[in-house]
file my_file.txt (compact mmCIF, C-alpha atoms and all ligand atoms)
# COMPACT_ATOMS: atom_id res chain seq x y z
CA MET A 1 -5.32 6.17 -2.20
CA SER A 2 -3.50 3.55 -4.26
CA LYS A 3 -0.37 1.73 -3.04
CA ILE A 4 1.73 3.80 -5.45
CA GLN A 5 0.27 7.06 -4.13
CA ARG A 6 0.89 5.91 -0.54
CA MET A 7 4.49 4.97 -1.30
CA PHE A 8 5.12 8.21 -3.24
CA SER A 9 3.64 10.16 -0.33
CA LEU A 10 5.97 8.41 2.12
CA ALA A 11 8.96 8.98 -0.18
CA THR A 12 7.99 12.67 -0.48
CA GLN A 13 7.99 13.09 3.31
CA LEU A 14 11.40 11.43 3.48
CA ALA A 15 12.82 13.57 0.67
CA LYS A 16 12.20 16.88 2.42
CA PRO A 17 15.34 18.49 3.78
CA ARG A 18 16.25 18.40 7.44
CA LYS A 19 19.50 20.32 7.26
CA LEU A 20 20.27 23.78 5.99
CA ASN A 21 22.88 22.54 3.51
CA ASP A 22 20.11 20.61 1.71
CA LEU A 23 18.21 23.85 1.12
CA SER A 24 20.72 24.93 -1.52
CA LYS A 25 19.31 22.33 -3.92
CA ASN A 26 16.32 22.93 -6.18
CA HIS A 27 15.00 19.40 -5.78
CA TRP A 28 15.23 16.43 -3.42
CA PHE A 29 15.02 12.67 -3.86
CA GLY A 30 13.26 10.27 -1.57
CA CYS A 31 13.22 6.53 -1.97
CA VAL A 32 11.17 3.77 -0.34
CA GLY A 33 11.81 0.08 -0.84
CA ILE A 34 9.66 -2.93 -0.05
CA ARG A 35 11.73 -6.03 0.58
CA SER A 36 10.56 -9.52 -0.28
CA ASP A 37 9.62 -10.03 3.40
CA ASN A 38 7.40 -6.87 3.10
CA ALA A 39 9.62 -4.78 5.36
CA ILE A 40 9.74 -1.13 4.31
CA VAL A 41 13.14 0.56 4.13
CA TYR A 42 14.03 4.03 2.91
CA SER A 43 16.78 6.34 1.82
CA ARG A 44 17.28 9.85 0.54
CA ASN A 45 19.92 11.77 -1.33
CA ILE A 46 22.72 13.20 0.73
CA PRO A 47 25.13 15.92 -0.41
CA ALA A 48 28.00 14.22 -2.27
CA HIS A 49 30.68 15.88 -0.11
CA ILE A 50 29.38 13.98 2.94
CA GLY A 51 30.17 10.59 1.36
CA LYS A 52 33.33 9.00 2.72
CA GLU A 53 34.31 7.22 -0.50
CA ALA A 54 36.26 8.81 -3.33
CA GLY A 55 35.31 9.45 -6.98
CA SER A 56 32.35 7.56 -8.45
CA ALA A 57 31.89 5.60 -5.21
CA LYS A 58 31.26 8.96 -3.55
CA ILE A 59 28.56 9.85 -6.08
CA LYS A 60 27.05 6.38 -5.77
CA ALA A 61 26.96 6.82 -1.99
CA ALA A 62 25.01 10.06 -2.46
CA HIS A 63 22.25 8.69 -4.71
CA ALA A 64 19.13 7.63 -2.80
CA GLU A 65 18.44 4.58 -4.97
CA ALA A 66 22.01 3.27 -4.77
CA ARG A 67 21.96 3.71 -0.99
CA LEU A 68 18.57 2.03 -0.72
CA VAL A 69 19.61 -1.04 -2.72
CA GLN A 70 22.11 -1.92 0.01
CA LYS A 71 19.13 -2.52 2.31
CA LEU A 72 17.13 -4.58 -0.22
CA ASP A 73 17.10 -8.20 -1.30
CA TYR A 74 16.27 -9.99 -4.55
CA GLY A 75 12.73 -9.35 -5.75
CA SER A 76 12.28 -6.04 -3.89
CA GLU A 77 10.39 -3.02 -5.23
CA ILE A 78 11.57 0.59 -5.22
CA TYR A 79 9.49 3.79 -5.17
CA VAL A 80 11.49 6.91 -5.95
CA VAL A 81 10.34 10.51 -6.16
CA ARG A 82 12.07 13.75 -6.98
CA ILE A 83 10.29 16.79 -5.63
CA ALA A 84 10.82 20.40 -6.59
CA LYS A 85 11.75 22.91 -3.93
CA LYS A 86 9.05 25.16 -5.37
CA LYS A 87 5.55 24.13 -4.33
CA THR A 88 2.42 24.25 -6.45
CA GLU A 89 -0.16 27.04 -6.03
CA ASP A 90 -2.21 24.85 -3.68
CA ASP A 91 0.94 24.22 -1.57
CA SER A 92 1.41 20.58 -2.54
CA SER A 93 4.68 19.08 -3.75
CA THR A 94 5.63 19.11 -7.41
CA PHE A 95 6.94 15.80 -8.71
CA LEU A 96 9.80 15.81 -11.20
CA ILE A 97 11.17 12.90 -13.21
CA ALA A 98 13.06 10.48 -10.99
CA ARG A 99 14.06 7.71 -13.42
CA PRO A 100 17.24 6.15 -11.92
CA CYS A 101 20.47 7.26 -13.59
CA CYS A 102 22.63 4.72 -15.45
CA MET A 103 24.89 4.24 -12.44
CA CYS A 104 21.94 3.44 -10.17
CA GLU A 105 20.47 1.22 -12.92
CA THR A 106 23.55 -0.99 -12.73
CA VAL A 107 23.31 -1.28 -8.95
CA ILE A 108 19.56 -2.01 -9.14
CA ARG A 109 20.04 -4.68 -11.83
CA SER A 110 22.81 -6.40 -9.89
CA LYS A 111 20.42 -6.79 -6.93
CA LYS A 112 17.65 -8.20 -9.18
CA ILE A 113 15.10 -5.60 -8.05
CA ARG A 114 11.70 -6.54 -9.48
CA ARG A 115 10.18 -3.09 -10.20
CA VAL A 116 11.10 0.57 -9.87
CA TYR A 117 8.22 3.06 -9.66
CA TYR A 118 9.37 6.64 -10.28
CA SER A 119 7.73 10.03 -10.39
CA ILE A 120 7.47 11.85 -13.73
CA ASN A 121 5.18 14.77 -12.89
CA ASN A 122 2.02 15.33 -10.83
CA ASP A 123 -0.10 13.46 -13.38
CA GLN A 124 2.11 10.54 -14.41
CA TYR A 125 4.55 7.99 -13.03
CA GLY A 126 6.82 5.47 -14.68
CA VAL A 127 7.44 1.80 -13.98
CA TRP A 128 10.77 0.32 -14.96
CA ASP A 129 11.20 -3.45 -15.11
CA PRO A 130 14.97 -3.87 -14.59
CA ILE A 131 14.97 -7.49 -15.76
CA LYS A 132 13.27 -6.84 -19.13
CA ASN A 133 14.56 -3.24 -19.22
CA VAL A 134 11.12 -1.92 -20.18
CA ASP A 135 9.57 1.37 -19.02
CA ARG A 136 5.84 2.05 -18.95
CA VAL A 137 4.05 5.30 -18.13
CA TYR A 138 0.79 5.45 -16.17
CA SER A 139 -1.55 8.14 -14.82
CA LEU A 140 -1.31 8.93 -11.13
ZN ZN A 201 21.59 7.63 -9.53
call {"tool": "encode", "arguments": {"input": "my_file.txt", "output": "structure tokens", "more": "lines below"}}
Ligand SMILES: [Zn+2]
result
Amino acid sequence: MSKIQRMFSLATQLAKPRKLNDLSKNHWFGCVGIRSDNAIVYSRNIPAHIGKEAGSAKIKAAHAEARLVQKLDYGSEIYVVRIAKKKTEDDSSTFLIARPCCMCETVIRSKKIRRVYYSINNDQYGVWDPIKNVDRVYSL
């Protein structure tokens, strides 16, 4: 199993809902970060109404990537997956596209994150270089 597959697998486990109010969604985000000192940190989406802040700060507080960045330092890497509630026929998780939204992009850029690896589907993933603002697609 490659490092990307291992990190996506960890992010998938973290994304799965623990509370009943999460079950109303059709998909869940999970996010793993590797800091420059190699420590692994993680985050997941939380329902926006739980956030304490108002307006856009509340949305930002709900996005897994934006929450994760608070725990990261310059040069960190992020692995983010979005998984469908509906499983595949062989009972494995279905990856959906998890490219960070423009709000999370801004937060990620400001922290000088080195790479963001994101799920696209069960066959492909994307790599975004926030410094050069280039995306590449690879086979999983
Ligand atoms: Zn976002």
call {"tool": "residues_near_ligand", "arguments": {"input": "my_file.txt", "ligand": "ligand ZN 201 (chain A)", "cutoff": "8 Å", "atoms": "all atoms listed in the file", "output": "list in words"}}
result
Lys60, His63, Ala64, Glu65, Ala66, Pro100, Cys101, Cys102, Met103, Cys104 and Glu105 of chain A
call {"tool": "residues_around", "arguments": {"input": "my_file.txt", "residues": "A:Gln124", "least_positions_apart": "3", "cutoff": "7 Å", "atoms": "all atoms listed in the file", "output": "MDAnalysis selection string"}}
result
chainID A and resid 119:121 137:140
call {"tool": "closest_residue", "arguments": {"input": "my_file.txt", "among": "A:Val69, A:Val134, A:Ala84, A:Ala62", "to": "A:Val32", "atoms": "all atoms listed in the file"}}
result
A:Val69
call {"tool": "residues_around", "arguments": {"input": "my_file.txt", "residues": "A:Ser110", "least_positions_apart": "2", "cutoff": "10 Å", "atoms": "all atoms listed in the file", "output": "PyMOL selection string"}}
result
chain A and resi 69+74+104-108+112-113+130-131
call {"tool": "atom_distance", "arguments": {"input": "my_file.txt", "atom1": "atom CA of A:Lys111", "atom2": "atom CA of A:Asp73"}}
result
6.7 Å
call {"tool": "atom_distance", "arguments": {"input": "my_file.txt", "atom1": "atom CA of A:Ile34", "atom2": "atom CA of A:Asn133"}}
result
19.8 Å
call {"tool": "closest_residue", "arguments": {"input": "my_file.txt", "among": "A:Asn38, A:Asn122, A:Asn26, A:Asn45", "to": "A:Ser93", "atoms": "all atoms listed in the file"}}
result
A:Asn122
call {"tool": "closest_residue", "arguments": {"input": "my_file.txt", "among": "A:Val41, A:Ile4, A:Val81, A:Val127", "to": "A:Trp28", "atoms": "all atoms listed in the file"}}
result
A:Val81
call {"tool": "atom_distance", "arguments": {"input": "my_file.txt", "atom1": "atom CA of A:Arg136", "atom2": "atom CA of A:Glu89"}}
result
28.8 Å
call {"tool": "closest_residue", "arguments": {"input": "my_file.txt", "among": "A:Cys31, A:Ile97, A:Ile83, A:Ile78", "to": "A:Arg115", "atoms": "all atoms listed in the file"}}
result
A:Ile78
call {"tool": "residues_around", "arguments": {"input": "my_file.txt", "residues": "A:Phe8", "least_positions_apart": "2", "cutoff": "10 Å", "atoms": "all atoms listed in the file", "output": "list in words"}}
result
Ser2, Lys3, Ile4, Gln5, Arg6, Leu10, Ala11, Thr12, Gln13, Leu14, Gly30, Cys31, Val32, Tyr79, Val80, Val81, Arg82, Phe95, Tyr117, Tyr118, Ser119 and Tyr125 of chain A
